[in-house]
Amino acid sequence: MDILVTGASGFSGSHLVRTLLARGHRVTALIGRSRGRLDPALVDNPALTVLPCDLSAPGQSLPPRVDAIVHAAARSPMPGITAAGMVRDNTQATANLITYATGAGAKTFVYLSSLSIYGSIADPEVDETTPIVNPDAYGMTKLLGELMLREIAALRSVSIRLPGVVGPNSVRNWLTGVIERARAEEDITVFNPDALFNNAIHVDDLSTFVADLVESKHWNSHDALTVGASKSISVLEAIETLLRALGSSSRVRVNAERRPSFLISSKKAQQKYGYVPVPIADVLRRIGMENRPSVASSS
């Protein structure tokens with residue numbers, strides 16, 4: 001199968017490329033200005049084509065035909081990133097990619113969306129029916145991508161509303177922040193220590209699920225899915241599990257301020273699409289080992 005992967009130089013995209021190649025697919029990997037995290041060992045793979053591309057701009061040179069698209073590229077909120085920049089790099093880029101998909105004969109489109117589309121979450125458990133309330137600029141740009149895909153009847157598509165995606169040297173989520181502070185032996189402040197937690201997915205488990213979706217012949221039309229880990233544990237237990245795996249002696253300090261917290265339901269993804277969630281404790285132990293200073297510095 002010929003598969004186009006966007007954001008291939010990023011954290012999730014680079015892992016997706018590796019997984020799809022390992023399963024025998026031909027992959028066109030779209031990157032930005034550099035190869036970034038794309039595994040150098042894959043460069044000589046004859047099934048891989050690497051293309052620098054700005055999806056937000058018209059007239060990009062892309063393959064004339066493709067079977068499936070995995071859209072992992074996104075502009076995340078961080079200092080210096082404007083709402084206009086996110087509209088350009090998320091909404092406009094996705095619109096251009098959908099136009100390309102229909103012209104290139106793509107049958108399948110997997111879109112890495114985000115739980116940020118929900119905005120302010122009041123429910124104790126998030127699933128596909130959770131109300132959308134005041135999402136921020138990033139959440140709005142991801143939601144618009146979902147809505148545009150839903151309008152294309154000829155293209156089967158699925159939007160995966162992701163929690164924190166974790167793994168070796170992962171970036172920009174709560175667990176990654178905890179890992180950074182723990183590796184520096186800084187104190188870890190915890191809110192809602194007794195609240196249950198399963199809000200993560202390992203990048204390898206995400207890549208496996210995406211590859212399964214692309215290869216499956218048992219779904220059609222558009223759908224949206226929430227995914228997370230299984231066998232939730234308390235926030236405090238989650239932090240302690242991660243610290244042990246990291247070999248960190250950071251102290252945990254509990255802040256009495258209450259903050260919103262919620263679990264993630266993967267029920268629909270499991271029952272309809274074969275998603276296999278991993279226990280959150282196993283995810284935490286794995287990323288702790290992967291991100292130990294001696295391991296992370298060599299990867």
# chains A, B, ... in the order shown; residues from 1 in each chain; ligands from 1
>>> select_by_dssp(residues="segment 7-256 of chain A", states="helix (DSSP H, G or I)", output="count of residues only")
89
>>> residues_around(residues="Asp205 of chain A", least_positions_apart="5", cutoff="9 Å", atoms="only C-alpha atoms", output="PyMOL selection string")
chain A and resi 210+276-278
>>> residues_around(residues="Lys231 of chain A", least_positions_apart="6", cutoff="8 Å", atoms="only C-alpha atoms", output="short mmCIF file (atom, residue, chain, number, x, y, z; two decimals) with N, CA, C and O atoms, in the first residue's frame")
data_model
loop_
_atom_site.label_atom_id
_atom_site.label_comp_id
_atom_site.auth_asym_id
_atom_site.auth_seq_id
_atom_site.Cartn_x
_atom_site.Cartn_y
_atom_site.Cartn_z
N ASN A 198 -5.57 7.84 33.49
CA ASN A 198 -5.20 6.92 32.39
C ASN A 198 -4.91 7.70 31.10
O ASN A 198 -5.03 7.17 30.00
N PRO A 279 -2.26 -1.17 30.09
CA PRO A 279 -2.41 -0.63 31.44
C PRO A 279 -1.50 0.57 31.68
O PRO A 279 -0.33 0.56 31.30
N ILE A 280 -2.04 1.60 32.31
CA ILE A 280 -1.29 2.84 32.48
C ILE A 280 -0.02 2.61 33.29
O ILE A 280 1.01 3.25 33.01
N ALA A 281 -0.04 1.71 34.25
CA ALA A 281 1.18 1.45 35.03
C ALA A 281 2.29 0.91 34.13
O ALA A 281 3.47 1.25 34.30
#
>>> residues_around(residues="Gly10 of chain A", least_positions_apart="4", cutoff="7 Å", atoms="only C-alpha atoms", output="list in words")
Ser14, Gly36 and Arg37 of chain A
>>> residues_around(residues="Arg258 of chain A", least_positions_apart="6", cutoff="10 Å", atoms="only C-alpha atoms", output="MDAnalysis selection string")
chainID A and resid 191:193
>>> residues_around(residues="Lys267 of chain A", least_positions_apart="4", cutoff="10 Å", atoms="only C-alpha atoms", output="list in words")
Asp127, Glu128, Leu225, Thr226, Val227, Gly228, Gln271, Lys272, Tyr273, Gly274, Tyr275, Val276 and Pro277 of chain A
>>> select_by_dssp(residues="segment 81-256 of chain A", states="strand (DSSP E or B)", output="PyMOL selection string")
chain A and resi 108-114+119+125-126+133+156-162+164-166+188-191+196-197+200-202+222-226+230+233-234+252-255
>>> residues_around(residues="Phe197 of chain A", least_positions_apart="5", cutoff="7 Å", atoms="only C-alpha atoms", output="list in words")
Ser232, Ile233, Ser234, Val235 and Leu263 of chain A
>>> write_last_selection(atoms="all heavy atoms", output="PDB file, in the first residue's frame")
ATOM      1  N   SER A 232      -6.856   2.253  35.175  1.00  0.00           N
ATOM      2  CA  SER A 232      -6.467   3.538  35.749  1.00  0.00           C
ATOM      3  C   SER A 232      -5.941   3.384  37.173  1.00  0.00           C
ATOM      4  O   SER A 232      -6.340   2.479  37.910  1.00  0.00           O
ATOM      5  CB  SER A 232      -7.658   4.497  35.739  1.00  0.00           C
ATOM      6  OG  SER A 232      -8.744   3.944  36.457  1.00  0.00           O
ATOM      7  N   ILE A 233      -5.042   4.265  37.545  1.00  0.00           N
ATOM      8  CA  ILE A 233      -4.493   4.337  38.899  1.00  0.00           C
ATOM      9  C   ILE A 233      -4.574   5.788  39.356  1.00  0.00           C
ATOM     10  O   ILE A 233      -4.856   6.684  38.556  1.00  0.00           O
ATOM     11  CB  ILE A 233      -3.038   3.827  38.967  1.00  0.00           C
ATOM     12  CG1 ILE A 233      -2.136   4.638  38.029  1.00  0.00           C
ATOM     13  CG2 ILE A 233      -2.978   2.347  38.606  1.00  0.00           C
ATOM     14  CD1 ILE A 233      -0.675   4.216  38.062  1.00  0.00           C
ATOM     15  N   SER A 234      -4.327   6.052  40.609  1.00  0.00           N
ATOM     16  CA  SER A 234      -4.404   7.418  41.099  1.00  0.00           C
ATOM     17  C   SER A 234      -3.256   8.250  40.534  1.00  0.00           C
ATOM     18  O   SER A 234      -2.202   7.719  40.132  1.00  0.00           O
ATOM     19  CB  SER A 234      -4.359   7.450  42.630  1.00  0.00           C
ATOM     20  OG  SER A 234      -3.052   7.150  43.099  1.00  0.00           O
ATOM     21  N   VAL A 235      -3.457   9.556  40.517  1.00  0.00           N
ATOM     22  CA  VAL A 235      -2.418  10.464  40.034  1.00  0.00           C
ATOM     23  C   VAL A 235      -1.149  10.297  40.866  1.00  0.00           C
ATOM     24  O   VAL A 235      -0.033  10.254  40.331  1.00  0.00           O
ATOM     25  CB  VAL A 235      -2.919  11.920  40.085  1.00  0.00           C
ATOM     26  CG1 VAL A 235      -1.775  12.898  39.826  1.00  0.00           C
ATOM     27  CG2 VAL A 235      -4.043  12.136  39.076  1.00  0.00           C
ATOM     28  N   LEU A 263     -11.064  10.801  33.339  1.00  0.00           N
ATOM     29  CA  LEU A 263     -10.553   9.600  32.692  1.00  0.00           C
ATOM     30  C   LEU A 263     -10.906   9.637  31.210  1.00  0.00           C
ATOM     31  O   LEU A 263     -11.752  10.421  30.785  1.00  0.00           O
ATOM     32  CB  LEU A 263     -11.148   8.352  33.350  1.00  0.00           C
ATOM     33  CG  LEU A 263     -10.672   8.026  34.764  1.00  0.00           C
ATOM     34  CD1 LEU A 263     -11.512   6.903  35.355  1.00  0.00           C
ATOM     35  CD2 LEU A 263      -9.194   7.646  34.759  1.00  0.00           C
TER      36      LEU A 263
END
